[in-house]
file my_file-v2.cif (mmCIF, N, CA and C atoms and all ligand atoms)
data_final
loop_
_atom_site.label_atom_id
_atom_site.label_comp_id
_atom_site.auth_asym_id
_atom_site.auth_seq_id
_atom_site.Cartn_x
_atom_site.Cartn_y
_atom_site.Cartn_z
N MET A 295 0.85 -1.20 0.00
CA MET A 295 0.00 0.00 0.00
C MET A 295 0.88 1.25 0.00
N LYS A 296 0.46 2.24 -0.78
CA LYS A 296 1.20 3.51 -0.86
C LYS A 296 1.28 4.15 0.54
N LEU A 297 2.43 4.79 0.81
CA LEU A 297 2.57 5.43 2.12
C LEU A 297 1.79 6.75 2.15
N VAL A 298 0.82 6.81 3.03
CA VAL A 298 0.06 8.06 3.22
C VAL A 298 0.25 8.45 4.67
N LYS A 299 0.89 9.60 4.89
CA LYS A 299 1.14 10.02 6.28
C LYS A 299 -0.08 10.70 6.86
N PHE A 300 -0.28 10.49 8.14
CA PHE A 300 -1.42 11.15 8.78
C PHE A 300 -1.17 11.23 10.28
N ASP A 301 -1.97 12.09 10.89
CA ASP A 301 -1.91 12.25 12.34
C ASP A 301 -3.19 11.66 12.93
N PRO A 302 -3.08 10.62 13.74
CA PRO A 302 -4.30 10.00 14.29
C PRO A 302 -5.24 11.00 14.95
N LEU A 303 -4.66 11.99 15.64
CA LEU A 303 -5.54 12.94 16.35
C LEU A 303 -6.33 13.82 15.38
N SER A 304 -5.73 14.18 14.23
CA SER A 304 -6.50 14.98 13.26
C SER A 304 -7.63 14.16 12.69
N LEU A 305 -7.36 12.89 12.44
CA LEU A 305 -8.41 12.01 11.92
C LEU A 305 -9.54 11.86 12.96
N LEU A 306 -9.14 11.72 14.21
CA LEU A 306 -10.13 11.60 15.29
C LEU A 306 -10.94 12.90 15.43
N GLU A 307 -10.28 14.04 15.25
CA GLU A 307 -11.00 15.31 15.34
C GLU A 307 -12.03 15.42 14.22
N SER A 308 -11.65 14.94 13.05
CA SER A 308 -12.58 14.97 11.92
C SER A 308 -13.79 14.07 12.21
N ALA A 309 -13.53 12.89 12.78
CA ALA A 309 -14.63 11.98 13.13
C ALA A 309 -15.53 12.60 14.20
N ARG A 310 -14.90 13.30 15.14
CA ARG A 310 -15.70 13.94 16.20
C ARG A 310 -16.59 15.02 15.61
N SER A 311 -16.04 15.76 14.66
CA SER A 311 -16.87 16.82 14.10
C SER A 311 -18.00 16.23 13.25
N ALA A 312 -17.74 15.14 12.55
CA ALA A 312 -18.81 14.46 11.79
C ALA A 312 -19.90 13.97 12.74
N ARG A 313 -19.48 13.47 13.90
CA ARG A 313 -20.39 12.86 14.86
C ARG A 313 -21.60 13.75 15.20
N SER A 314 -21.40 15.06 15.16
CA SER A 314 -22.51 15.96 15.52
C SER A 314 -23.68 15.83 14.55
N LYS A 315 -23.45 15.22 13.39
CA LYS A 315 -24.53 15.06 12.40
C LYS A 315 -25.20 13.68 12.51
N ALA A 316 -24.77 12.86 13.46
CA ALA A 316 -25.36 11.51 13.59
C ALA A 316 -26.86 11.61 13.81
N TYR A 317 -27.58 10.65 13.26
CA TYR A 317 -29.03 10.58 13.47
C TYR A 317 -29.28 9.32 14.30
N ALA A 318 -29.38 9.52 15.61
CA ALA A 318 -29.50 8.36 16.52
C ALA A 318 -30.58 8.60 17.56
N PRO A 319 -31.82 8.87 17.11
CA PRO A 319 -32.88 9.18 18.08
C PRO A 319 -33.33 7.96 18.88
N TYR A 320 -33.01 6.76 18.44
CA TYR A 320 -33.49 5.56 19.14
C TYR A 320 -32.50 5.07 20.18
N SER A 321 -31.21 5.02 19.82
CA SER A 321 -30.22 4.54 20.80
C SER A 321 -29.64 5.70 21.60
N GLY A 322 -29.65 6.90 21.02
CA GLY A 322 -28.99 8.03 21.68
C GLY A 322 -27.48 7.93 21.61
N TYR A 323 -26.96 6.95 20.89
CA TYR A 323 -25.51 6.72 20.81
C TYR A 323 -25.02 7.25 19.46
N GLN A 324 -24.40 8.43 19.49
CA GLN A 324 -24.01 9.09 18.24
C GLN A 324 -22.57 8.76 17.89
N VAL A 325 -22.36 8.35 16.65
CA VAL A 325 -21.03 7.92 16.20
C VAL A 325 -20.66 8.67 14.92
N GLY A 326 -19.39 9.06 14.84
CA GLY A 326 -18.85 9.64 13.61
C GLY A 326 -17.60 8.87 13.22
N ALA A 327 -17.35 8.76 11.94
CA ALA A 327 -16.15 8.06 11.48
C ALA A 327 -15.55 8.82 10.31
N THR A 328 -14.22 8.84 10.27
CA THR A 328 -13.52 9.40 9.10
C THR A 328 -12.51 8.38 8.60
N ALA A 329 -12.63 8.07 7.31
CA ALA A 329 -11.73 7.10 6.68
C ALA A 329 -10.72 7.86 5.82
N LEU A 330 -9.45 7.54 6.00
CA LEU A 330 -8.39 8.07 5.14
C LEU A 330 -8.07 6.99 4.11
N MET A 331 -8.15 7.37 2.83
CA MET A 331 -7.96 6.40 1.76
C MET A 331 -6.56 6.53 1.15
N SER A 332 -6.18 5.53 0.37
CA SER A 332 -4.80 5.50 -0.14
C SER A 332 -4.51 6.63 -1.13
N ASP A 333 -5.55 7.27 -1.68
CA ASP A 333 -5.32 8.42 -2.56
C ASP A 333 -5.22 9.72 -1.78
N GLY A 334 -5.25 9.61 -0.43
CA GLY A 334 -5.07 10.79 0.43
C GLY A 334 -6.37 11.50 0.78
N ARG A 335 -7.47 11.05 0.16
CA ARG A 335 -8.74 11.72 0.48
C ARG A 335 -9.35 11.14 1.76
N THR A 336 -10.14 11.95 2.45
CA THR A 336 -10.85 11.46 3.63
C THR A 336 -12.35 11.53 3.37
N PHE A 337 -13.04 10.60 3.98
CA PHE A 337 -14.50 10.55 3.84
C PHE A 337 -15.08 10.28 5.23
N SER A 338 -16.13 11.03 5.54
CA SER A 338 -16.74 10.87 6.86
C SER A 338 -18.14 10.30 6.75
N GLY A 339 -18.55 9.66 7.81
CA GLY A 339 -19.91 9.11 7.88
C GLY A 339 -20.40 9.15 9.32
N VAL A 340 -21.69 9.00 9.46
CA VAL A 340 -22.31 8.96 10.79
C VAL A 340 -23.28 7.79 10.85
N ASN A 341 -23.66 7.39 12.05
CA ASN A 341 -24.71 6.39 12.12
C ASN A 341 -26.05 7.04 11.81
N VAL A 342 -26.85 6.32 11.06
CA VAL A 342 -28.18 6.81 10.67
C VAL A 342 -29.17 5.71 11.05
N GLU A 343 -29.99 6.00 12.05
CA GLU A 343 -30.94 5.00 12.55
C GLU A 343 -32.29 5.14 11.84
N ASN A 344 -33.14 4.16 12.10
CA ASN A 344 -34.45 4.14 11.47
C ASN A 344 -35.44 3.54 12.45
N ALA A 345 -36.70 3.95 12.33
CA ALA A 345 -37.75 3.39 13.19
C ALA A 345 -37.84 1.88 13.02
N SER A 346 -37.50 1.40 11.83
CA SER A 346 -37.34 -0.04 11.61
C SER A 346 -35.87 -0.34 11.92
N TYR A 347 -35.60 -0.69 13.17
CA TYR A 347 -34.24 -0.64 13.72
C TYR A 347 -33.16 -1.29 12.85
N GLY A 348 -33.54 -2.41 12.23
CA GLY A 348 -32.55 -3.19 11.49
C GLY A 348 -32.00 -2.45 10.26
N LEU A 349 -32.62 -1.35 9.90
CA LEU A 349 -32.16 -0.60 8.72
C LEU A 349 -31.04 0.37 9.06
N THR A 350 -30.72 0.46 10.33
CA THR A 350 -29.65 1.37 10.78
C THR A 350 -28.34 1.07 10.07
N ILE A 351 -27.62 2.14 9.72
CA ILE A 351 -26.26 1.95 9.22
C ILE A 351 -25.29 2.61 10.19
N CYS A 352 -24.18 1.92 10.41
CA CYS A 352 -23.16 2.44 11.32
C CYS A 352 -22.31 3.50 10.62
N ALA A 353 -21.66 4.32 11.45
CA ALA A 353 -20.84 5.41 10.93
C ALA A 353 -19.69 4.91 10.06
N GLU A 354 -19.06 3.81 10.45
CA GLU A 354 -17.91 3.30 9.70
C GLU A 354 -18.30 2.89 8.30
N ARG A 355 -19.41 2.15 8.21
CA ARG A 355 -19.84 1.70 6.88
C ARG A 355 -20.29 2.89 6.05
N ALA A 356 -20.97 3.87 6.68
CA ALA A 356 -21.39 5.06 5.93
C ALA A 356 -20.16 5.76 5.34
N ALA A 357 -19.09 5.88 6.13
CA ALA A 357 -17.87 6.56 5.65
C ALA A 357 -17.23 5.76 4.50
N LEU A 358 -17.12 4.46 4.69
CA LEU A 358 -16.48 3.64 3.65
C LEU A 358 -17.29 3.64 2.36
N PHE A 359 -18.61 3.64 2.48
CA PHE A 359 -19.43 3.62 1.27
C PHE A 359 -19.34 4.96 0.53
N MET A 360 -19.17 6.04 1.27
CA MET A 360 -18.93 7.34 0.62
C MET A 360 -17.63 7.27 -0.19
N ALA A 361 -16.60 6.67 0.42
CA ALA A 361 -15.30 6.57 -0.25
C ALA A 361 -15.43 5.75 -1.54
N VAL A 362 -16.07 4.61 -1.44
CA VAL A 362 -16.20 3.73 -2.62
C VAL A 362 -16.98 4.45 -3.72
N ALA A 363 -18.04 5.15 -3.33
CA ALA A 363 -18.86 5.86 -4.32
C ALA A 363 -18.05 6.96 -5.02
N ALA A 364 -17.00 7.45 -4.33
CA ALA A 364 -16.16 8.50 -4.92
C ALA A 364 -14.95 7.90 -5.63
N GLY A 365 -14.87 6.58 -5.69
CA GLY A 365 -13.79 5.93 -6.44
C GLY A 365 -12.59 5.51 -5.63
N SER A 366 -12.67 5.60 -4.30
CA SER A 366 -11.56 5.18 -3.43
C SER A 366 -11.88 3.85 -2.79
N ARG A 367 -10.97 2.91 -2.89
CA ARG A 367 -11.28 1.56 -2.40
C ARG A 367 -10.29 1.00 -1.40
N GLU A 368 -9.27 1.77 -1.07
CA GLU A 368 -8.24 1.22 -0.19
C GLU A 368 -8.12 2.09 1.06
N VAL A 369 -8.52 1.53 2.21
CA VAL A 369 -8.53 2.33 3.43
C VAL A 369 -7.21 2.18 4.18
N VAL A 370 -6.59 3.33 4.43
CA VAL A 370 -5.31 3.39 5.14
C VAL A 370 -5.55 3.43 6.65
N ALA A 371 -6.54 4.22 7.03
CA ALA A 371 -6.85 4.38 8.47
C ALA A 371 -8.29 4.82 8.60
N ILE A 372 -8.85 4.48 9.76
CA ILE A 372 -10.21 4.98 10.05
C ILE A 372 -10.27 5.35 11.52
N ALA A 373 -10.85 6.51 11.77
CA ALA A 373 -11.04 6.96 13.15
C ALA A 373 -12.53 6.97 13.44
N ILE A 374 -12.88 6.48 14.62
CA ILE A 374 -14.29 6.36 15.00
C ILE A 374 -14.46 7.00 16.37
N VAL A 375 -15.41 7.92 16.46
CA VAL A 375 -15.60 8.65 17.72
C VAL A 375 -17.07 8.60 18.11
N ALA A 376 -17.33 8.34 19.39
CA ALA A 376 -18.71 8.30 19.88
C ALA A 376 -18.87 9.26 21.05
N ALA A 377 -20.12 9.66 21.23
CA ALA A 377 -20.46 10.45 22.41
C ALA A 377 -20.54 9.49 23.60
N GLY A 378 -20.38 10.01 24.80
CA GLY A 378 -20.51 9.16 25.98
C GLY A 378 -19.20 8.51 26.36
N THR A 379 -19.30 7.42 27.09
CA THR A 379 -18.09 6.82 27.65
C THR A 379 -17.74 5.47 27.03
N CYS A 380 -18.64 4.96 26.19
CA CYS A 380 -18.44 3.61 25.64
C CYS A 380 -17.65 3.71 24.32
N LEU A 381 -16.48 3.09 24.27
CA LEU A 381 -15.65 3.16 23.05
C LEU A 381 -16.35 2.49 21.87
N PRO A 382 -16.34 3.15 20.71
CA PRO A 382 -17.06 2.60 19.55
C PRO A 382 -16.23 1.61 18.74
N TRP A 383 -15.86 0.51 19.37
CA TRP A 383 -15.21 -0.54 18.57
C TRP A 383 -16.17 -0.96 17.47
N PRO A 384 -15.68 -1.14 16.25
CA PRO A 384 -16.60 -1.49 15.15
C PRO A 384 -17.37 -2.78 15.44
N CYS A 385 -18.63 -2.80 15.03
CA CYS A 385 -19.44 -4.01 15.19
C CYS A 385 -18.98 -5.06 14.18
N GLY A 386 -19.51 -6.25 14.29
CA GLY A 386 -19.09 -7.35 13.41
C GLY A 386 -19.29 -7.04 11.94
N ALA A 387 -20.43 -6.44 11.60
CA ALA A 387 -20.70 -6.13 10.19
C ALA A 387 -19.67 -5.12 9.67
N CYS A 388 -19.35 -4.12 10.47
CA CYS A 388 -18.37 -3.11 10.03
C CYS A 388 -16.98 -3.71 9.92
N ARG A 389 -16.65 -4.66 10.77
CA ARG A 389 -15.33 -5.32 10.67
C ARG A 389 -15.23 -6.05 9.34
N GLN A 390 -16.30 -6.75 8.97
CA GLN A 390 -16.28 -7.47 7.69
C GLN A 390 -16.16 -6.50 6.52
N VAL A 391 -16.87 -5.38 6.58
CA VAL A 391 -16.79 -4.39 5.49
C VAL A 391 -15.40 -3.75 5.46
N LEU A 392 -14.84 -3.48 6.63
CA LEU A 392 -13.46 -2.95 6.67
C LEU A 392 -12.49 -3.94 6.03
N SER A 393 -12.72 -5.21 6.23
CA SER A 393 -11.80 -6.20 5.67
C SER A 393 -11.88 -6.24 4.14
N GLU A 394 -13.01 -5.81 3.60
CA GLU A 394 -13.17 -5.77 2.13
C GLU A 394 -12.27 -4.70 1.51
N PHE A 395 -12.13 -3.58 2.21
CA PHE A 395 -11.42 -2.43 1.64
C PHE A 395 -10.12 -2.11 2.38
N GLY A 396 -9.77 -2.94 3.36
CA GLY A 396 -8.55 -2.70 4.14
C GLY A 396 -7.59 -3.86 4.02
N SER A 397 -6.54 -3.77 4.84
CA SER A 397 -5.55 -4.85 4.90
C SER A 397 -5.03 -4.84 6.33
N ASP A 398 -4.03 -5.67 6.59
CA ASP A 398 -3.54 -5.64 7.96
C ASP A 398 -2.66 -4.42 8.22
N HIS A 399 -2.46 -3.58 7.18
CA HIS A 399 -1.77 -2.30 7.41
C HIS A 399 -2.76 -1.22 7.83
N THR A 400 -4.04 -1.49 7.65
CA THR A 400 -5.05 -0.49 7.99
C THR A 400 -5.05 -0.23 9.49
N ARG A 401 -5.02 1.05 9.85
CA ARG A 401 -5.00 1.40 11.28
C ARG A 401 -6.39 1.87 11.71
N ILE A 402 -6.86 1.32 12.80
CA ILE A 402 -8.22 1.58 13.27
C ILE A 402 -8.14 2.23 14.65
N PHE A 403 -8.69 3.43 14.76
CA PHE A 403 -8.61 4.20 16.00
C PHE A 403 -10.02 4.42 16.55
N VAL A 404 -10.18 4.26 17.84
CA VAL A 404 -11.47 4.56 18.47
C VAL A 404 -11.25 5.46 19.68
N ALA A 405 -12.21 6.35 19.90
CA ALA A 405 -12.13 7.25 21.05
C ALA A 405 -13.51 7.77 21.39
N THR A 406 -13.64 8.30 22.59
CA THR A 406 -14.87 9.00 22.94
C THR A 406 -14.61 10.50 22.76
N GLU A 407 -15.67 11.23 22.53
CA GLU A 407 -15.53 12.63 22.12
C GLU A 407 -14.80 13.50 23.14
N ASP A 408 -14.91 13.16 24.42
CA ASP A 408 -14.27 14.01 25.44
C ASP A 408 -12.85 13.56 25.77
N ALA A 409 -12.39 12.50 25.18
CA ALA A 409 -11.05 11.99 25.51
C ALA A 409 -10.37 11.46 24.26
N LEU A 410 -10.25 12.34 23.26
CA LEU A 410 -9.66 11.90 21.99
C LEU A 410 -8.25 11.37 22.18
N ASP A 411 -7.49 12.01 23.07
CA ASP A 411 -6.08 11.57 23.20
C ASP A 411 -5.95 10.27 23.99
N GLY A 412 -7.06 9.77 24.51
CA GLY A 412 -7.03 8.44 25.14
C GLY A 412 -7.45 7.38 24.14
N TYR A 413 -7.23 7.67 22.85
CA TYR A 413 -7.71 6.74 21.83
C TYR A 413 -7.04 5.38 21.94
N ARG A 414 -7.72 4.36 21.43
CA ARG A 414 -7.17 3.01 21.34
C ARG A 414 -7.04 2.65 19.86
N GLU A 415 -6.14 1.72 19.60
CA GLU A 415 -5.86 1.36 18.21
C GLU A 415 -5.88 -0.16 18.06
N ALA A 416 -6.32 -0.63 16.91
CA ALA A 416 -6.30 -2.07 16.64
C ALA A 416 -6.06 -2.32 15.16
N THR A 417 -5.64 -3.53 14.85
CA THR A 417 -5.49 -3.93 13.44
C THR A 417 -6.72 -4.75 13.04
N LEU A 418 -6.83 -4.92 11.73
CA LEU A 418 -7.96 -5.74 11.25
C LEU A 418 -7.85 -7.18 11.71
N SER A 419 -6.62 -7.72 11.73
CA SER A 419 -6.54 -9.14 12.12
C SER A 419 -6.86 -9.33 13.61
N GLU A 420 -6.66 -8.28 14.40
CA GLU A 420 -7.11 -8.38 15.80
C GLU A 420 -8.63 -8.34 15.87
N LEU A 421 -9.22 -7.48 15.05
CA LEU A 421 -10.67 -7.28 15.13
C LEU A 421 -11.46 -8.38 14.44
N ILE A 422 -10.90 -8.89 13.33
CA ILE A 422 -11.64 -9.92 12.58
C ILE A 422 -10.67 -10.95 12.00
N PRO A 423 -10.18 -11.84 12.87
CA PRO A 423 -9.36 -12.93 12.34
C PRO A 423 -10.26 -13.82 11.47
N HIS A 424 -9.68 -14.39 10.45
CA HIS A 424 -10.44 -15.28 9.56
C HIS A 424 -11.67 -14.60 8.94
N ALA A 425 -11.48 -13.36 8.50
CA ALA A 425 -12.59 -12.67 7.82
C ALA A 425 -12.98 -13.44 6.57
N PHE A 426 -14.23 -13.37 6.23
CA PHE A 426 -14.70 -14.01 5.00
C PHE A 426 -14.20 -13.22 3.79
N GLY A 427 -13.77 -13.92 2.77
CA GLY A 427 -13.34 -13.24 1.55
C GLY A 427 -13.51 -14.14 0.35
N LEU A 428 -13.83 -13.52 -0.77
CA LEU A 428 -13.94 -14.25 -2.04
C LEU A 428 -12.94 -13.62 -3.01
N PRO A 429 -12.38 -14.40 -3.94
CA PRO A 429 -11.58 -13.77 -4.97
C PRO A 429 -12.50 -12.92 -5.84
N PRO A 430 -12.15 -11.63 -6.07
CA PRO A 430 -13.07 -10.79 -6.84
C PRO A 430 -13.20 -11.25 -8.29
N ALA A 431 -14.43 -11.47 -8.76
CA ALA A 431 -14.66 -11.85 -10.15
C ALA A 431 -14.54 -10.62 -11.04
N ALA A 432 -14.97 -9.50 -10.51
CA ALA A 432 -14.92 -8.24 -11.27
C ALA A 432 -14.77 -7.10 -10.29
N ARG A 433 -13.82 -6.21 -10.57
CA ARG A 433 -13.65 -5.07 -9.65
C ARG A 433 -14.02 -3.79 -10.35
N1 LIG B 501 -22.90 2.02 15.83
C1 LIG B 501 -22.00 2.57 14.94
O1 LIG B 501 -22.29 3.56 14.26
N2 LIG B 501 -20.78 1.99 14.84
C2 LIG B 501 -20.39 0.90 15.56
O2 LIG B 501 -19.32 0.36 15.33
C3 LIG B 501 -21.25 0.35 16.60
C4 LIG B 501 -22.63 0.85 16.61
C5 LIG B 501 -24.21 2.64 15.96
C6 LIG B 501 -25.34 1.84 15.39
C7 LIG B 501 -26.50 2.35 16.21
O3 LIG B 501 -27.00 3.52 15.58
C8 LIG B 501 -25.89 2.77 17.54
O4 LIG B 501 -24.50 2.83 17.33
C9 LIG B 501 -26.19 1.80 18.67
O5 LIG B 501 -25.90 0.51 18.32
#

call {"tool": "encode", "arguments": {"input": "my_file-v2.cif", "output": "structure tokens", "more": "lines below"}}
Ligand code: THU
result
Amino acid sequence: MKLVKFDPLSLLESARSARSKAYAPYSGYQVGATALMSDGRTFSGVNVENASYGLTICAERAALFMAVAAGSREVVAIAIVAAGTCLPWPCGACRQVLSEFGSDHTRIFVATEDALDGYREATLSELIPHAFGLPPAAR
């Protein structure tokens, strides 16, 4: 993967600022995510809930799907920030989606909005060992 330099705290700040746009009237748990892609662009997303709960999309997947729609497919790093005290480790579905567009070089940062510098970091293989994958028939 091409070397793209970044500062984890700037990425976390971007995710925190995105977080204010989260639509989470049912859980009250607002999440923002910013993905840095291998072309140097960043894309942000928020969780968007629905009265039909299962239709909710998480902030990480929203950010990654924005990136893919803009033509970026390789995630270098992603920062995820939530309100409150519970760290927003990606859910299982988001881990699988991260594995589609990431690699074990992908850096994953999580923090709560009031303690960005207490962020935690993990790799994809820590978060999703043995991720499901298919050889792409068409990219
Ligand atoms: N959520 C995220 O946005 N990202 C995660 O990794 C975990 C959960 C959202 C989904 C839902 O809107 C709320 O947090 C509570 O589950």

call {"tool": "residues_near_ligand", "arguments": {"input": "my_file-v2.cif", "ligand": "ligand LIG 501 (chain B)", "cutoff": "6 Å", "atoms": "only C-alpha atoms and all ligand atoms", "output": "JSON, numbers by chain"}}
result
{"A": [318, 321, 323, 325, 341, 343, 350, 352, 353, 382, 383, 384, 385]}

call {"tool": "closest_residue", "arguments": {"input": "my_file-v2.cif", "among": "A:Glu415, A:Ser304, A:Tyr320, A:Gly427", "to": "Ser346 of chain A", "atoms": "only C-alpha atoms"}}
result
A:Tyr320

call {"tool": "residues_around", "arguments": {"input": "my_file-v2.cif", "residues": "Ile402 of chain A", "least_positions_apart": "4", "cutoff": "7 Å", "atoms": "only N, CA and C atoms", "output": "PyMOL selection string"}}
result
chain A and resi 370-374+414-418

call {"tool": "axis_aligned_box", "arguments": {"input": "my_file-v2.cif", "around": "segment 386-402 of chain A", "padding_each_side": "4 Å", "output": "AutoDock Vina command-line options"}}
result
--center_x -11.2 --center_y -2.6 --center_z 8.1 --size_x 26.9 --size_y 17.7 --size_z 21.1

call {"tool": "select_by_dssp", "arguments": {"input": "my_file-v2.cif", "residues": "chain A", "states": "strand (DSSP E or B)", "output": "MDAnalysis selection string"}}
result
chainID A and resid 317 325:331 336:340 342 351 369:376 401:406 414:416

call {"tool": "residues_around", "arguments": {"input": "my_file-v2.cif", "residues": "Ser314 of chain A", "least_positions_apart": "3", "cutoff": "8 Å", "atoms": "all atoms listed in the file", "output": "ChimeraX atom specification"}}
result
/A:309-311,317,324-326,340

call {"tool": "atom_distance", "arguments": {"input": "my_file-v2.cif", "atom1": "atom CA of Cys388 of chain A", "atom2": "atom CA of Arg335 of chain A"}}
result
20.1 Å

call {"tool": "atom_distance", "arguments": {"input": "my_file-v2.cif", "atom1": "atom N of Ala327 of chain A", "atom2": "atom N of Val375 of chain A"}}
result
5.0 Å

call {"tool": "atom_distance", "arguments": {"input": "my_file-v2.cif", "atom1": "atom CA of Gly386 of chain A", "atom2": "atom C of Val298 of chain A"}}
result
26.5 Å

call {"tool": "residues_around", "arguments": {"input": "my_file-v2.cif", "residues": "Ala425 of chain A", "least_positions_apart": "4", "cutoff": "8 Å", "atoms": "all atoms listed in the file", "output": "NGL selection string"}}
result
:A and (389-390 or 393 or 418-419 or 421)

call {"tool": "residues_around", "arguments": {"input": "my_file-v2.cif", "residues": "Leu358 of chain A", "least_positions_apart": "6", "cutoff": "7 Å", "atoms": "only N, CA and C atoms", "output": "ChimeraX atom specification"}}
result
/A:329,337-339

call {"tool": "write_last_selection", "arguments": {"input": "my_file-v2.cif", "atoms": "N, CA and C atoms", "output": "mmCIF file, in the frame of the given file"}}
result
data_model
loop_
_atom_site.group_PDB
_atom_site.id
_atom_site.type_symbol
_atom_site.label_atom_id
_atom_site.label_comp_id
_atom_site.auth_asym_id
_atom_site.auth_seq_id
_atom_site.Cartn_x
_atom_site.Cartn_y
_atom_site.Cartn_z
ATOM 1 N N ALA A 329 -12.630 8.070 7.310
ATOM 2 C CA ALA A 329 -11.730 7.100 6.680
ATOM 3 C C ALA A 329 -10.720 7.860 5.820
ATOM 4 N N PHE A 337 -13.040 10.600 3.980
ATOM 5 C CA PHE A 337 -14.500 10.550 3.840
ATOM 6 C C PHE A 337 -15.080 10.280 5.230
ATOM 7 N N SER A 338 -16.130 11.030 5.540
ATOM 8 C CA SER A 338 -16.740 10.870 6.860
ATOM 9 C C SER A 338 -18.140 10.300 6.750
ATOM 10 N N GLY A 339 -18.550 9.660 7.810
ATOM 11 C CA GLY A 339 -19.910 9.110 7.880
ATOM 12 C C GLY A 339 -20.400 9.150 9.320
#

call {"tool": "closest_residue", "arguments": {"input": "my_file-v2.cif", "among": "A:Ala316, A:Ser332, A:Asp411, A:Phe426", "to": "Leu303 of chain A", "atoms": "all atoms listed in the file"}}
result
A:Asp411

call {"tool": "closest_residue", "arguments": {"input": "my_file-v2.cif", "among": "A:Ala345, A:Ser397, A:Asp301, A:Gly322", "to": "Ala376 of chain A", "atoms": "only C-alpha atoms"}}
result
A:Gly322

call {"tool": "select_by_dssp", "arguments": {"input": "my_file-v2.cif", "residues": "chain A", "states": "alpha helix (DSSP H)", "output": "MDAnalysis selection string"}}
result
chainID A and resid 302:313 353:363 386:395 418:421

call {"tool": "residues_near_point", "arguments": {"input": "my_file-v2.cif", "point": "(-13.6, 2.0, -0.5)", "cutoff": "10 Å", "atoms": "only C-alpha atoms", "output": "PyMOL selection string"}}
result
chain A and resi 329-332+337+355+357-369+391-392+394-396
